[in-house]
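Chemist: Below is the file upload_25.cif, with mmCIF, C-alpha atoms and all ligand atoms.
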data_final
#
loop_
_atom_site.label_atom_id
_atom_site.label_comp_id
_atom_site.auth_asym_id
_atom_site.auth_seq_id
_atom_site.Cartn_x
_atom_site.Cartn_y
_atom_site.Cartn_z
CA MET A 846 17.68 13.02 25.11
CA LEU A 847 17.32 9.51 26.39
CA SER A 848 18.10 7.64 23.20
CA ARG A 849 20.46 4.71 23.38
CA PHE A 850 22.68 3.50 20.60
CA ALA A 851 22.79 -0.26 20.64
CA GLN A 852 25.40 -1.95 18.49
CA GLY A 853 24.64 -5.15 16.66
CA HIS A 854 21.43 -7.07 16.32
CA PRO A 855 19.45 -8.15 18.24
CA PRO A 856 19.88 -5.56 20.98
CA ILE A 857 19.10 -5.89 24.62
CA LEU A 858 15.68 -4.41 25.15
CA THR A 859 15.43 -1.44 27.44
CA SER A 860 13.27 -1.69 30.53
CA ALA A 861 11.14 0.93 32.25
CA CYS A 862 11.99 3.39 29.54
CA SER A 863 10.48 6.81 29.10
CA MET A 864 7.95 7.12 26.28
CA SER A 865 10.34 9.12 24.14
CA GLU A 866 13.28 6.77 24.53
CA PHE A 867 14.23 4.78 21.47
CA GLN A 868 16.82 2.22 20.69
CA LEU A 869 18.98 2.26 17.63
CA PHE A 870 19.66 -1.14 16.10
CA SER A 871 22.63 -1.60 13.80
CA ASP A 872 22.91 -3.72 10.65
CA TYR A 873 19.21 -4.48 10.82
CA PRO A 874 17.71 -7.16 8.52
CA LEU A 875 14.76 -5.94 6.45
CA LEU A 876 13.81 -9.37 5.09
CA ALA A 877 10.73 -9.50 7.32
CA HIS A 878 9.90 -5.86 6.58
CA ASN A 879 9.28 -6.03 2.84
CA THR A 880 6.66 -8.26 1.22
CA PHE A 881 8.89 -8.97 -1.80
CA GLY A 882 11.16 -10.76 0.65
CA PHE A 883 14.41 -9.09 -0.43
CA ASP A 884 17.26 -9.95 1.86
CA VAL A 885 18.61 -6.44 2.41
CA ARG A 886 19.72 -4.67 5.56
CA ALA A 887 19.49 -1.19 7.01
CA LYS A 888 22.59 0.41 8.49
CA HIS A 889 20.39 1.37 11.44
CA ALA A 890 16.78 0.88 12.50
CA VAL A 891 14.43 2.19 15.15
CA ARG A 892 11.20 0.49 16.16
CA LEU A 893 8.57 3.16 16.72
CA THR A 894 6.13 1.93 19.33
CA GLU A 895 5.30 5.31 20.90
CA GLU A 896 4.44 8.55 19.13
CA ALA A 897 6.70 10.50 21.49
CA GLN A 898 9.71 8.70 20.06
CA ILE A 899 9.34 10.55 16.76
CA PRO A 900 9.96 14.13 17.98
CA ALA A 901 12.84 12.68 20.01
CA LEU A 902 14.26 11.21 16.79
CA ALA A 903 13.88 14.56 15.07
CA ARG A 904 15.82 16.26 17.88
CA ASN A 905 18.66 13.76 17.68
CA ALA A 906 21.53 15.40 15.82
CA ARG A 907 23.21 12.16 14.79
CA LEU A 908 20.03 10.73 13.28
CA ASN A 909 19.18 14.02 11.64
CA GLY A 910 22.21 13.68 9.42
CA MET A 911 21.19 10.24 8.17
CA ARG A 912 18.84 9.22 5.40
CA GLN A 913 15.57 7.98 6.80
CA LEU A 914 13.19 5.38 5.45
CA VAL A 915 9.74 4.95 6.98
CA LEU A 916 8.54 1.35 6.72
CA GLY A 917 5.10 0.04 7.60
CA GLY A 918 4.37 -3.43 6.26
CA GLY A 919 6.82 -2.91 3.39
CA SER A 920 4.12 -3.96 0.93
CA ASN A 921 4.59 -1.14 -1.54
CA VAL A 922 8.33 -0.80 -1.77
CA VAL A 923 11.11 -2.33 -3.85
CA LEU A 924 14.33 -2.37 -1.83
CA THR A 925 17.01 -2.73 -4.45
CA ARG A 926 20.01 -2.64 -2.10
CA ASN A 927 21.10 -2.26 1.51
CA PHE A 928 19.82 0.98 3.01
CA ASP A 929 22.60 3.27 4.18
CA GLY A 930 20.55 5.16 6.74
CA VAL A 931 18.04 4.59 9.49
CA ALA A 932 14.88 2.57 8.85
CA LEU A 933 11.95 3.75 10.94
CA LEU A 934 9.75 0.73 11.62
CA VAL A 935 6.25 1.94 12.46
CA GLU A 936 4.65 -0.21 15.16
CA LEU A 937 2.13 2.28 16.59
CA ARG A 938 -0.96 0.35 17.65
CA GLY A 939 -4.52 1.03 18.79
CA ARG A 940 -7.98 1.27 17.26
CA ARG A 941 -11.07 2.90 18.69
CA VAL A 942 -14.33 4.62 17.92
CA ILE A 943 -13.81 8.31 18.66
CA HIS A 944 -17.11 9.87 17.63
CA LYS A 945 -20.58 8.99 16.48
CA ASP A 946 -22.99 11.35 14.81
CA HIS A 947 -26.26 10.96 12.98
CA ASP A 948 -24.72 9.70 9.74
CA ALA A 949 -21.36 8.21 10.54
CA VAL A 950 -18.95 6.73 13.00
CA LEU A 951 -15.38 8.03 13.22
CA VAL A 952 -12.83 5.30 13.86
CA GLU A 953 -9.17 5.97 14.57
CA ALA A 954 -6.38 3.44 14.17
CA GLY A 955 -2.66 3.51 14.85
CA ALA A 956 -0.47 3.58 11.75
CA GLY A 957 1.19 0.29 12.65
CA GLU A 958 -2.05 -1.71 12.77
CA ASN A 959 -2.26 -4.42 10.13
CA TRP A 960 -4.73 -3.20 7.50
CA HIS A 961 -6.62 -6.46 6.99
CA GLU A 962 -6.95 -7.08 10.72
CA PHE A 963 -8.30 -3.56 11.10
CA VAL A 964 -10.91 -4.15 8.37
CA ALA A 965 -11.93 -7.48 9.94
CA TRP A 966 -12.12 -5.90 13.41
CA ALA A 967 -14.27 -3.02 12.09
CA LEU A 968 -16.68 -5.49 10.50
CA SER A 969 -16.89 -7.51 13.73
CA GLN A 970 -17.83 -4.28 15.57
CA GLY A 971 -20.56 -3.45 13.06
CA LEU A 972 -18.44 -0.62 11.61
CA LEU A 973 -19.13 -0.99 7.93
CA GLY A 974 -17.85 0.28 4.62
CA LEU A 975 -14.29 -1.02 4.41
CA GLU A 976 -15.07 -4.62 3.43
CA ASN A 977 -14.13 -4.17 -0.26
CA LEU A 978 -10.58 -3.44 0.94
CA ALA A 979 -10.16 -6.74 2.81
CA LEU A 980 -6.90 -8.66 2.52
CA ILE A 981 -4.84 -5.77 1.13
CA PRO A 982 -1.35 -6.27 2.58
CA GLY A 983 0.28 -3.53 4.60
CA THR A 984 -0.54 -1.25 7.49
CA VAL A 985 -3.15 1.39 8.28
CA GLY A 986 -0.50 4.12 8.04
CA ALA A 987 0.55 3.06 4.55
CA ALA A 988 -3.04 3.00 3.25
CA PRO A 989 -3.34 6.76 2.62
CA ILE A 990 0.11 7.05 1.05
CA GLN A 991 -0.98 5.27 -2.08
CA ASN A 992 -4.72 5.57 -1.45
CA ILE A 993 -5.27 1.82 -1.57
CA GLY A 994 -8.22 0.62 -3.57
CA ALA A 995 -9.89 -2.53 -4.78
CA TYR A 996 -13.20 -3.83 -6.10
CA GLY A 997 -14.90 -0.51 -6.61
CA LEU A 998 -13.72 1.35 -3.49
CA GLU A 999 -10.79 3.60 -2.71
CA MET A 1000 -9.70 4.27 0.85
CA GLY A 1001 -9.98 8.03 0.23
CA GLU A 1002 -13.77 7.64 0.16
CA ARG A 1003 -13.79 6.48 3.79
CA PHE A 1004 -11.05 8.81 4.99
CA GLU A 1005 -11.61 11.62 7.51
CA ARG A 1006 -8.13 12.81 8.55
CA LEU A 1007 -4.70 11.65 9.62
CA ARG A 1008 -2.04 12.75 12.03
CA ALA A 1009 1.58 12.82 10.95
CA ILE A 1010 4.84 14.02 12.41
CA GLU A 1011 7.30 15.92 10.25
CA LEU A 1012 10.70 14.28 10.50
CA SER A 1013 12.73 17.47 10.11
CA THR A 1014 10.96 19.39 12.88
CA GLY A 1015 9.24 16.79 15.07
CA GLU A 1016 6.02 18.78 14.73
CA THR A 1017 2.64 17.09 14.57
CA ARG A 1018 0.35 18.00 11.69
CA GLU A 1019 -3.17 17.05 10.83
CA PHE A 1020 -4.15 16.37 7.23
CA ASP A 1021 -7.76 16.36 6.06
CA ARG A 1022 -8.85 14.78 2.80
CA ASP A 1023 -8.05 17.84 0.70
CA ALA A 1024 -4.57 18.16 2.19
CA CYS A 1025 -3.90 14.51 1.32
CA ALA A 1026 -4.69 15.20 -2.37
CA PHE A 1027 -5.79 11.64 -3.03
CA GLY A 1028 -5.69 10.37 -6.58
CA TYR A 1029 -5.60 6.93 -8.17
CA ARG A 1030 -2.91 5.12 -6.10
CA ASP A 1031 -1.55 8.55 -5.28
CA SER A 1032 -1.47 11.22 -2.58
CA PHE A 1033 0.51 14.17 -1.24
CA PHE A 1034 2.66 11.60 0.61
CA LYS A 1035 3.83 10.06 -2.67
CA GLN A 1036 4.53 13.49 -4.18
CA GLU A 1037 5.68 16.66 -2.33
CA GLY A 1038 5.34 14.97 1.05
CA ARG A 1039 7.41 11.94 0.08
CA GLY A 1040 9.75 10.81 2.86
CA ARG A 1041 9.01 13.87 4.99
CA PHE A 1042 6.46 12.53 7.45
CA VAL A 1043 5.70 9.60 9.69
CA ILE A 1044 1.96 8.99 9.65
CA VAL A 1045 0.99 8.07 13.21
CA SER A 1046 -2.76 7.52 13.03
CA VAL A 1047 -5.61 7.57 10.55
CA THR A 1048 -9.27 8.37 11.19
CA PHE A 1049 -11.98 6.90 8.97
CA ARG A 1050 -15.56 8.10 8.52
CA LEU A 1051 -17.75 5.03 8.20
CA PRO A 1052 -21.34 5.66 7.12
CA LYS A 1053 -24.11 4.32 9.37
CA ALA A 1054 -26.31 3.56 6.35
CA TRP A 1055 -24.58 0.71 4.54
CA THR A 1056 -24.83 0.42 0.78
CA PRO A 1057 -23.12 -2.45 -0.99
CA ARG A 1058 -20.36 -1.87 -3.53
CA ALA A 1059 -20.81 -5.02 -5.51
CA ASP A 1060 -20.61 -3.95 -9.14
CA TYR A 1061 -17.12 -5.29 -9.79
CA ALA A 1062 -17.66 -8.35 -12.01
CA ASP A 1063 -15.51 -10.77 -9.96
CA ILE A 1064 -17.35 -9.86 -6.74
CA ALA A 1065 -20.81 -9.85 -8.34
CA ARG A 1066 -20.18 -13.40 -9.61
CA VAL A 1067 -19.30 -14.74 -6.14
CA LEU A 1068 -22.30 -12.99 -4.55
CA GLU A 1069 -24.61 -14.39 -7.20
CA THR A 1070 -23.45 -17.91 -6.35
CA SER A 1071 -23.84 -17.43 -2.60
CA GLY A 1072 -27.12 -15.50 -2.94
CA ALA A 1073 -26.07 -13.18 -0.10
CA ASN A 1074 -25.48 -9.45 -0.21
CA ASN A 1075 -24.44 -8.11 3.17
CA PRO A 1076 -21.15 -6.70 4.52
CA GLN A 1077 -19.85 -10.08 5.62
CA ALA A 1078 -20.71 -11.63 2.23
CA ILE A 1079 -18.80 -8.88 0.42
CA PHE A 1080 -15.84 -9.28 2.78
CA ASP A 1081 -15.86 -13.04 2.14
CA ALA A 1082 -16.21 -12.57 -1.63
CA VAL A 1083 -13.28 -10.13 -1.74
CA VAL A 1084 -11.13 -12.50 0.30
CA ALA A 1085 -12.05 -15.41 -1.99
CA VAL A 1086 -11.35 -13.47 -5.21
CA ARG A 1087 -8.03 -12.13 -3.91
CA GLN A 1088 -6.94 -15.56 -2.73
CA ALA A 1089 -7.79 -17.06 -6.12
CA LYS A 1090 -5.93 -14.43 -8.18
CA LEU A 1091 -3.25 -12.82 -6.08
CA PRO A 1092 -0.27 -14.60 -4.56
CA ASP A 1093 0.15 -14.60 -0.77
CA TRP A 1094 3.36 -12.65 -0.14
CA ARG A 1095 4.23 -14.99 2.75
CA VAL A 1096 4.49 -17.79 0.18
CA LEU A 1097 5.56 -15.90 -2.94
CA GLY A 1098 7.05 -12.46 -2.34
CA ASN A 1099 5.28 -9.62 -4.17
CA ALA A 1100 4.01 -6.06 -3.79
CA GLY A 1101 0.53 -6.45 -5.31
CA SER A 1102 0.02 -4.75 -8.65
CA PHE A 1103 3.44 -3.69 -9.84
CA PHE A 1104 2.11 -1.15 -12.36
CA LYS A 1105 -0.71 1.35 -12.26
CA ASN A 1106 -3.46 0.94 -14.81
CA PRO A 1107 -2.50 3.62 -17.37
CA VAL A 1108 -4.96 6.35 -18.31
CA VAL A 1109 -4.98 7.42 -21.97
CA SER A 1110 -6.85 9.99 -24.06
CA ALA A 1111 -10.01 9.04 -25.95
CA ALA A 1112 -8.08 9.41 -29.23
CA ALA A 1113 -5.32 7.04 -28.09
CA PHE A 1114 -7.94 4.62 -26.78
CA ASN A 1115 -9.88 4.62 -30.07
CA ALA A 1116 -6.71 3.95 -32.05
CA LEU A 1117 -5.80 1.04 -29.78
CA LYS A 1118 -9.29 -0.41 -29.69
CA ALA A 1119 -9.35 -0.49 -33.49
CA LEU A 1120 -6.21 -2.65 -33.43
CA GLU A 1121 -7.11 -4.67 -30.34
CA PRO A 1122 -10.89 -5.10 -30.10
CA GLU A 1123 -10.59 -7.12 -26.86
CA LEU A 1124 -8.70 -4.35 -25.04
CA VAL A 1125 -10.00 -4.10 -21.44
CA SER A 1126 -10.74 -0.49 -20.49
CA TYR A 1127 -12.80 1.67 -18.16
CA ARG A 1128 -14.14 5.03 -19.26
CA GLN A 1129 -13.24 7.80 -16.80
CA GLN A 1130 -15.47 10.73 -15.82
CA ASP A 1131 -13.23 13.15 -17.72
CA GLY A 1132 -13.63 11.18 -20.97
CA GLN A 1133 -10.22 9.50 -20.80
CA PHE A 1134 -9.83 5.72 -20.59
CA LYS A 1135 -8.10 3.60 -17.98
CA LEU A 1136 -6.58 0.48 -19.52
CA ALA A 1137 -6.09 -2.83 -17.68
CA ALA A 1138 -2.30 -3.02 -17.51
CA GLY A 1139 -2.57 -6.73 -16.62
CA TRP A 1140 -4.30 -7.33 -19.93
CA LEU A 1141 -1.64 -5.38 -21.89
CA ILE A 1142 1.18 -7.33 -20.20
CA ASP A 1143 -0.63 -10.63 -20.64
CA ARG A 1144 -1.18 -9.82 -24.34
CA CYS A 1145 2.57 -9.28 -24.74
CA GLY A 1146 3.05 -12.86 -23.57
CA TRP A 1147 4.66 -12.05 -20.23
CA LYS A 1148 2.32 -13.98 -17.89
CA GLY A 1149 4.32 -16.66 -16.07
CA ARG A 1150 7.63 -15.61 -17.66
CA ALA A 1151 10.72 -14.93 -15.56
CA ILE A 1152 14.16 -13.37 -15.51
CA GLY A 1153 16.00 -15.53 -13.02
CA ALA A 1154 13.88 -15.73 -9.89
CA ALA A 1155 11.99 -12.53 -10.75
CA ALA A 1156 8.76 -13.57 -12.45
CA VAL A 1157 5.39 -12.43 -13.70
CA HIS A 1158 2.66 -14.14 -11.69
CA ASP A 1159 0.92 -16.88 -13.66
CA ARG A 1160 -2.61 -15.84 -12.60
CA GLN A 1161 -2.33 -12.02 -12.74
CA ALA A 1162 0.19 -10.46 -15.10
CA LEU A 1163 0.14 -7.19 -13.17
CA VAL A 1164 1.87 -8.83 -10.21
CA LEU A 1165 5.62 -9.44 -10.21
CA VAL A 1166 6.84 -12.11 -7.81
CA ASN A 1167 10.04 -13.21 -6.15
CA ARG A 1168 10.25 -16.96 -6.71
CA GLY A 1169 12.99 -17.14 -4.12
CA GLY A 1170 16.29 -15.34 -3.92
CA ALA A 1171 15.51 -12.61 -6.47
CA SER A 1172 16.95 -9.18 -5.81
CA GLY A 1173 15.17 -5.87 -6.14
CA ALA A 1174 17.42 -5.06 -9.07
CA GLN A 1175 16.22 -8.20 -10.90
CA ILE A 1176 12.59 -7.24 -10.31
CA LEU A 1177 13.35 -3.81 -11.80
CA GLU A 1178 15.10 -5.45 -14.78
CA LEU A 1179 11.99 -7.56 -15.38
CA ALA A 1180 9.76 -4.50 -14.98
CA ASP A 1181 11.85 -2.59 -17.55
CA ALA A 1182 11.63 -5.43 -20.08
CA ILE A 1183 7.84 -5.49 -19.65
CA LYS A 1184 7.59 -1.71 -20.00
CA ARG A 1185 9.61 -1.81 -23.22
CA ASP A 1186 7.41 -4.52 -24.75
CA VAL A 1187 4.15 -2.83 -23.77
CA HIS A 1188 5.40 0.45 -25.17
CA ALA A 1189 6.60 -1.16 -28.40
CA ARG A 1190 3.28 -2.90 -28.99
CA PHE A 1191 0.71 -0.42 -27.65
CA ALA A 1192 2.63 2.90 -27.35
CA VAL A 1193 1.48 3.00 -23.73
CA GLU A 1194 3.81 3.99 -20.89
CA LEU A 1195 3.49 1.87 -17.74
CA GLU A 1196 4.27 3.46 -14.39
CA ALA A 1197 5.39 1.45 -11.37
CA GLU A 1198 2.99 1.45 -8.42
CA PRO A 1199 5.45 0.67 -5.60
CA VAL A 1200 8.14 3.06 -4.50
CA CYS A 1201 11.53 1.86 -5.81
CA LEU A 1202 14.54 2.58 -3.60
N1 LIG A 1301 -6.33 -9.29 -17.10
C1 LIG A 1301 -5.83 -10.12 -18.06
N2 LIG A 1301 -4.68 -10.81 -17.78
C2 LIG A 1301 -4.03 -10.68 -16.61
C3 LIG A 1301 -4.54 -9.80 -15.63
C4 LIG A 1301 -5.70 -9.11 -15.88
O1 LIG A 1301 -6.39 -10.27 -19.12
O2 LIG A 1301 -3.00 -11.33 -16.44
C5 LIG A 1301 -7.60 -8.60 -17.33
C6 LIG A 1301 -8.71 -9.23 -16.48
O3 LIG A 1301 -9.31 -10.32 -17.09
C7 LIG A 1301 -9.66 -8.08 -16.30
C8 LIG A 1301 -8.76 -6.86 -16.31
O4 LIG A 1301 -7.53 -7.25 -16.90
O5 LIG A 1301 -10.53 -8.00 -17.38
C9 LIG A 1301 -8.51 -6.29 -14.94
O6 LIG A 1301 -7.95 -7.27 -14.06
P1 LIG A 1301 -8.29 -7.33 -12.50
O7 LIG A 1301 -9.77 -7.35 -12.31
O8 LIG A 1301 -7.53 -8.44 -11.91
O9 LIG A 1301 -7.83 -5.94 -11.92
P2 LIG A 1301 -6.57 -5.05 -12.25
O10 LIG A 1301 -7.01 -3.83 -12.99
O11 LIG A 1301 -5.52 -5.87 -12.87
C10 LIG A 1301 -6.82 -3.53 -10.13
C11 LIG A 1301 -5.95 -3.06 -9.01
C12 LIG A 1301 -5.82 -4.13 -7.95
C13 LIG A 1301 -7.20 -4.47 -7.42
C14 LIG A 1301 -8.08 -4.91 -8.59
C15 LIG A 1301 -9.50 -5.09 -8.15
C16 LIG A 1301 -4.40 -1.47 -9.94
C17 LIG A 1301 -3.01 -1.19 -10.36
N3 LIG A 1301 -4.65 -2.70 -9.51
O12 LIG A 1301 -6.14 -4.61 -10.76
O13 LIG A 1301 -5.06 -3.58 -6.88
O14 LIG A 1301 -7.15 -5.47 -6.43
O15 LIG A 1301 -8.09 -3.91 -9.63
O16 LIG A 1301 -10.09 -3.85 -7.92
O17 LIG A 1301 -5.24 -0.56 -9.96
C18 LIG A 1301 -2.87 -3.31 -6.04
O18 LIG A 1301 -2.99 -2.11 -6.26
O19 LIG A 1301 -1.82 -3.77 -5.53
C19 LIG A 1301 -3.94 -4.22 -6.42
C20 LIG A 1301 -3.84 -5.54 -6.32
#
Go through the file and emit its structure as structure tokens.

Modeler:
Amino acid sequence: MLSRFAQGHPPILTSACSMSEFQLFSDYPLLAHNTFGFDVRAKHAVRLTEEAQIPALARNARLNGMRQLVLGGGSNVVLTRNFDGVALLVELRGRRVIHKDHDAVLVEAGAGENWHEFVAWALSQGLLGLENLALIPGTVGAAPIQNIGAYGLEMGERFERLRAIELSTGETREFDRDACAFGYRDSFFKQEGRGRFVIVSVTFRLPKAWTPRADYADIARVLETSGANNPQAIFDAVVAVRQAKLPDWRVLGNAGSFFKNPVVSAAAFNALKALEPELVSYRQQDGQFKLAAGWLIDRCGWKGRAIGAAAVHDRQALVLVNRGGASGAQILELADAIKRDVHARFAVELEAEPVCL
């Protein structure tokens, strides 16, 4: 085992190290590793730049006894306090076409690649079909965990397989789409697989025959104005809509939608619709109804309101923001107050989308 235990931060970088060598940082600041911008620290951290470091971590007895937290872009996590374990910062890079067949191109990307840059790169290479997912914060490796989705497309629809390493054994496993059990903002990695794996790379199947996904009203409106309907136009429209509605986490810390859109039975939907004729909803294939949580929260008067520096975004009530100096605990306090109000008024239970630690 070649691992080194560096004390303090920042450490002296190792030179000419073996691929499996890793350095352990102590008292590591996570401010730059969570998009809410919470100023918390990890007792230890390791920057994973080589896959071979992960089995080496698993073999390390000292690290095996510690709690481990895998962090990509930190865009779907609420860090409520300092982390008393080792943060694994995934920085595995690389993107390449690995196969072409009659219908599709298979593209593989390292888990640490920035998601938006990957989507933009794919488009620039003529690899199409991801443009609706432009500008989603986070990394490629985080995308399957919550099956990111936006503007009529979920990542699962473009997914082929992923490679992950089990932390307890150091063994590499491949997961196909079935094994990932994708659902709405959900997967195996948010359920039974939670915290057990480091995803190291993801392979996407991008169709050669491009068909636009432009039904989503916000996108259709922008395309109508520009008169264009090609992959670049959809990419540009998605970027424009997101920039208009959603806060940039570099300016105003946030984790995107804080709640999932709740799904209710037809009976519950009918009862609500009778009381609230303007209720925004989407009928699901199984006959249930997905409700726009942003609308429910907005209707309860929460848009723009705050508890301390934890606030509801003033252009999208589904997004909670850190106005500066808020803690994770304050964000959770705000989220609880919203949940209570929505439940009291609509009898609907909201569920948080990010993982709260
Ligand atoms: N609405 C309001 N007030 C608000 C917010 C929304 O009335 O403050 C209404 C809107 O007018 C619209 C409806 O609610 O009629 C839905 O709003 P929007 O189109 O903004 O989408 P959303 O359902 O709130 C979901 C995803 C977003 C994704 C968009 C576009 C979830 C939890 N959120 O939001 O994903 O970008 O659709 O597809 O499914 C994310 O997951 O982090 C995320 C941003």

Chemist: Give as number ranges by chain the residues surrounding ligand LIG 1301 (chain A) up to a distance of 7 Å, considering all atoms listed in the file.

Modeler: A: 993-997, 1100-1106, 1125, 1137-1140, 1142-1143, 1148, 1160-1163, 1198

Chemist: Check the smallest atom-to-atom distance from each of A:Pro874, A:Val935, A:Ser920, A:Trp1147 to Arg892 (chain A) using all atoms listed in the file, then report the winner.

Modeler: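 Under the stated criterion, the closest residue is A:Val935.
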
Chemist: Give me the residues within 8 Å of region 1127-1136 of chain A as a list in words, counting all atoms listed in the file and dropping any in the same chain fewer than 2 places off.

Modeler: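 Selected residues are Asn1106, Pro1107, Val1108, Val1109, Ser1110, Ala1111, Phe1114, Leu1124, Val1125 and Ala1138 of chain A.
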
Chemist: Within 12 Å of Asp1060 (chain A), counting only C-alpha atoms, which residues show up once you throw out same-chain ones fewer than 5 positions away? Write them as a list in words, please.

Modeler: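 Using only C-alpha atoms, the neighbours found are Asn977, Ala995, Tyr996, Gly997, Leu998, Ala1065, Arg1066, Val1067, Leu1068, Glu1069, Asn1074 and Ile1079 of chain A.
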
Chemist: Would you mind exporting C-alpha atoms of the selected residues as a compact mmCIF listing (two decimals), keeping the file's coordinate frame?

Modeler:
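Produced file selection_17.txt, reproduced below:
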# COMPACT_ATOMS: atom_id res chain seq x y z
CA ASN A 977 -14.13 -4.17 -0.26
CA ALA A 995 -9.89 -2.53 -4.78
CA TYR A 996 -13.20 -3.83 -6.10
CA GLY A 997 -14.90 -0.51 -6.61
CA LEU A 998 -13.72 1.35 -3.49
CA ALA A 1065 -20.81 -9.85 -8.34
CA ARG A 1066 -20.18 -13.40 -9.61
CA VAL A 1067 -19.30 -14.74 -6.14
CA LEU A 1068 -22.30 -12.99 -4.55
CA GLU A 1069 -24.61 -14.39 -7.20
CA ASN A 1074 -25.48 -9.45 -0.21
CA ILE A 1079 -18.80 -8.88 0.42

Chemist: One number please: CA of Thr1048 (chain A) to CA of Arg1006 (chain A), in Å, one decimal.

Modeler: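 Going from CA of Thr1048 (chain A) over to CA of Arg1006 (chain A) covers 5.3 Å.
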
Chemist: Kindly give the distance, in Å, that separates CA of Leu876 (chain A) and CA of Ala1085 (chain A), rounded to a single decimal.

Modeler: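 Straight-line distance from CA of Leu876 (chain A) to CA of Ala1085 (chain A) works out to 27.5 Å.
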
Chemist: Applying 10 Å and all atoms listed in the file, which residues near Glu962 (chain A) remain after dropping the ones on its own chain fewer than 3 positions away? List them as a PyMOL selection string.

Modeler: chain A and resi 958-959+965-968+979-982+984-985

Chemist: Within 10 Å of Ala1054 (chain A), counting all atoms listed in the file, which residues show up once you throw out same-chain ones fewer than 5 positions away? Write them as a PyMOL selection string, please.

Modeler: chain A and resi 947-949+973-974

Chemist: Go ahead and dump the residues you just picked, C-alpha atoms, as an mmCIF file, in the coordinates of the input.

Modeler:
data_model
loop_
_atom_site.group_PDB
_atom_site.id
_atom_site.type_symbol
_atom_site.label_atom_id
_atom_site.label_comp_id
_atom_site.auth_asym_id
_atom_site.auth_seq_id
_atom_site.Cartn_x
_atom_site.Cartn_y
_atom_site.Cartn_z
ATOM 1 C CA HIS A 947 -26.260 10.960 12.980
ATOM 2 C CA ASP A 948 -24.720 9.700 9.740
ATOM 3 C CA ALA A 949 -21.360 8.210 10.540
ATOM 4 C CA LEU A 973 -19.130 -0.990 7.930
ATOM 5 C CA GLY A 974 -17.850 0.280 4.620
#

Chemist: Find the residue from A:Gly1149, A:Gly917, A:Gly1040, A:Gly930 that sits nearest to Leu1165 (chain A); use all atoms listed in the file when measuring.

Modeler: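 Closest to Leu1165 (chain A) of all the choices is A:Gly1149.
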
Chemist: For CA of Gly1028 (chain A) and CA of Glu1005 (chain A), quote the distance in Å rounded to one decimal.

Modeler: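 Value for the CA of Gly1028 (chain A)-CA of Glu1005 (chain A) distance: 15.3 Å.
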
Chemist: Can you pull out the residues contacting region 1168-1170 of chain A? Cut-off 12 Å, using only C-alpha atoms, and skip same-chain residues under 6 positions away; I want them as a list of chain:residue names.

Modeler: A:Leu876, A:Phe881, A:Gly882, A:Phe883, A:Asp884, A:Val885, A:Pro1092, A:Asp1093, A:Trp1094, A:Arg1095, A:Val1096, A:Leu1097, A:Gly1098, A:Asn1099, A:Gly1149, A:Arg1150, A:Ala1151, A:Ile1152, A:Gly1153, A:Ala1154, A:Ala1155, A:Ala1156, A:Val1157, A:His1158, A:Asp1159, A:Ile1176

Chemist: With only C-alpha atoms counted, which protein, DNA or RNA residues have an atom no more than 12 Å from (-2.7, 5.6, 4.6) in the file frame? Please answer as number ranges by chain.

Modeler: A: 917-918, 921, 953-960, 983-994, 999-1001, 1003-1009, 1020-1022, 1025, 1027, 1030-1035, 1042-1049

Chemist: Which one is closest to Val942 (chain A): A:Arg1050, A:Arg1190, A:Arg886, A:Arg907? Count all atoms listed in the file.

Modeler: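 Of A:Arg1050, A:Arg1190, A:Arg886, A:Arg907, the one nearest Val942 (chain A), counting all atoms listed in the file, is A:Arg1050.
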
Chemist: Of the residues A:Asn909, A:Glu1123, A:Leu1202, A:Phe1080, which is the one nearest to Ala1174 (chain A), using only C-alpha atoms?

Modeler: A:Leu1202

Chemist: Considering all atoms listed in the file, state which residue in the set A:Leu908, A:Leu924, A:Val1187, A:Val931 is at the smallest distance from His889 (chain A).

Modeler: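 Under the stated criterion, the closest residue is A:Val931.
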
Chemist: Pick out the closest residue to Arg1087 (chain A) from this set: A:Val1200, A:Leu978, A:Leu875, A:Asn1075. Count only C-alpha atoms.

Modeler: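 Closest residue, counting only C-alpha atoms: A:Leu978.
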
Chemist: Please produce region 1177-1181 of chain A, completed to N, CA, C and O atoms, as an mmCIF file, keeping the file's coordinate frame.

Modeler:
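Wrote selection.cif, looks like this:
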data_model
loop_
_atom_site.group_PDB
_atom_site.id
_atom_site.type_symbol
_atom_site.label_atom_id
_atom_site.label_comp_id
_atom_site.auth_asym_id
_atom_site.auth_seq_id
_atom_site.Cartn_x
_atom_site.Cartn_y
_atom_site.Cartn_z
ATOM 1 N N LEU A 1177 13.384 -5.025 -10.976
ATOM 2 C CA LEU A 1177 13.350 -3.810 -11.800
ATOM 3 C C LEU A 1177 13.750 -4.097 -13.242
ATOM 4 O O LEU A 1177 13.218 -3.507 -14.180
ATOM 5 N N GLU A 1178 14.687 -5.043 -13.421
ATOM 6 C CA GLU A 1178 15.100 -5.450 -14.780
ATOM 7 C C GLU A 1178 13.905 -6.066 -15.521
ATOM 8 O O GLU A 1178 13.631 -5.759 -16.683
ATOM 9 N N LEU A 1179 13.187 -6.931 -14.800
ATOM 10 C CA LEU A 1179 11.990 -7.560 -15.380
ATOM 11 C C LEU A 1179 10.954 -6.483 -15.720
ATOM 12 O O LEU A 1179 10.364 -6.490 -16.817
ATOM 13 N N ALA A 1180 10.746 -5.567 -14.773
ATOM 14 C CA ALA A 1180 9.760 -4.500 -14.980
ATOM 15 C C ALA A 1180 10.122 -3.665 -16.217
ATOM 16 O O ALA A 1180 9.251 -3.311 -17.024
ATOM 17 N N ASP A 1181 11.408 -3.384 -16.396
ATOM 18 C CA ASP A 1181 11.850 -2.590 -17.550
ATOM 19 C C ASP A 1181 11.591 -3.329 -18.863
ATOM 20 O O ASP A 1181 11.165 -2.723 -19.851
#
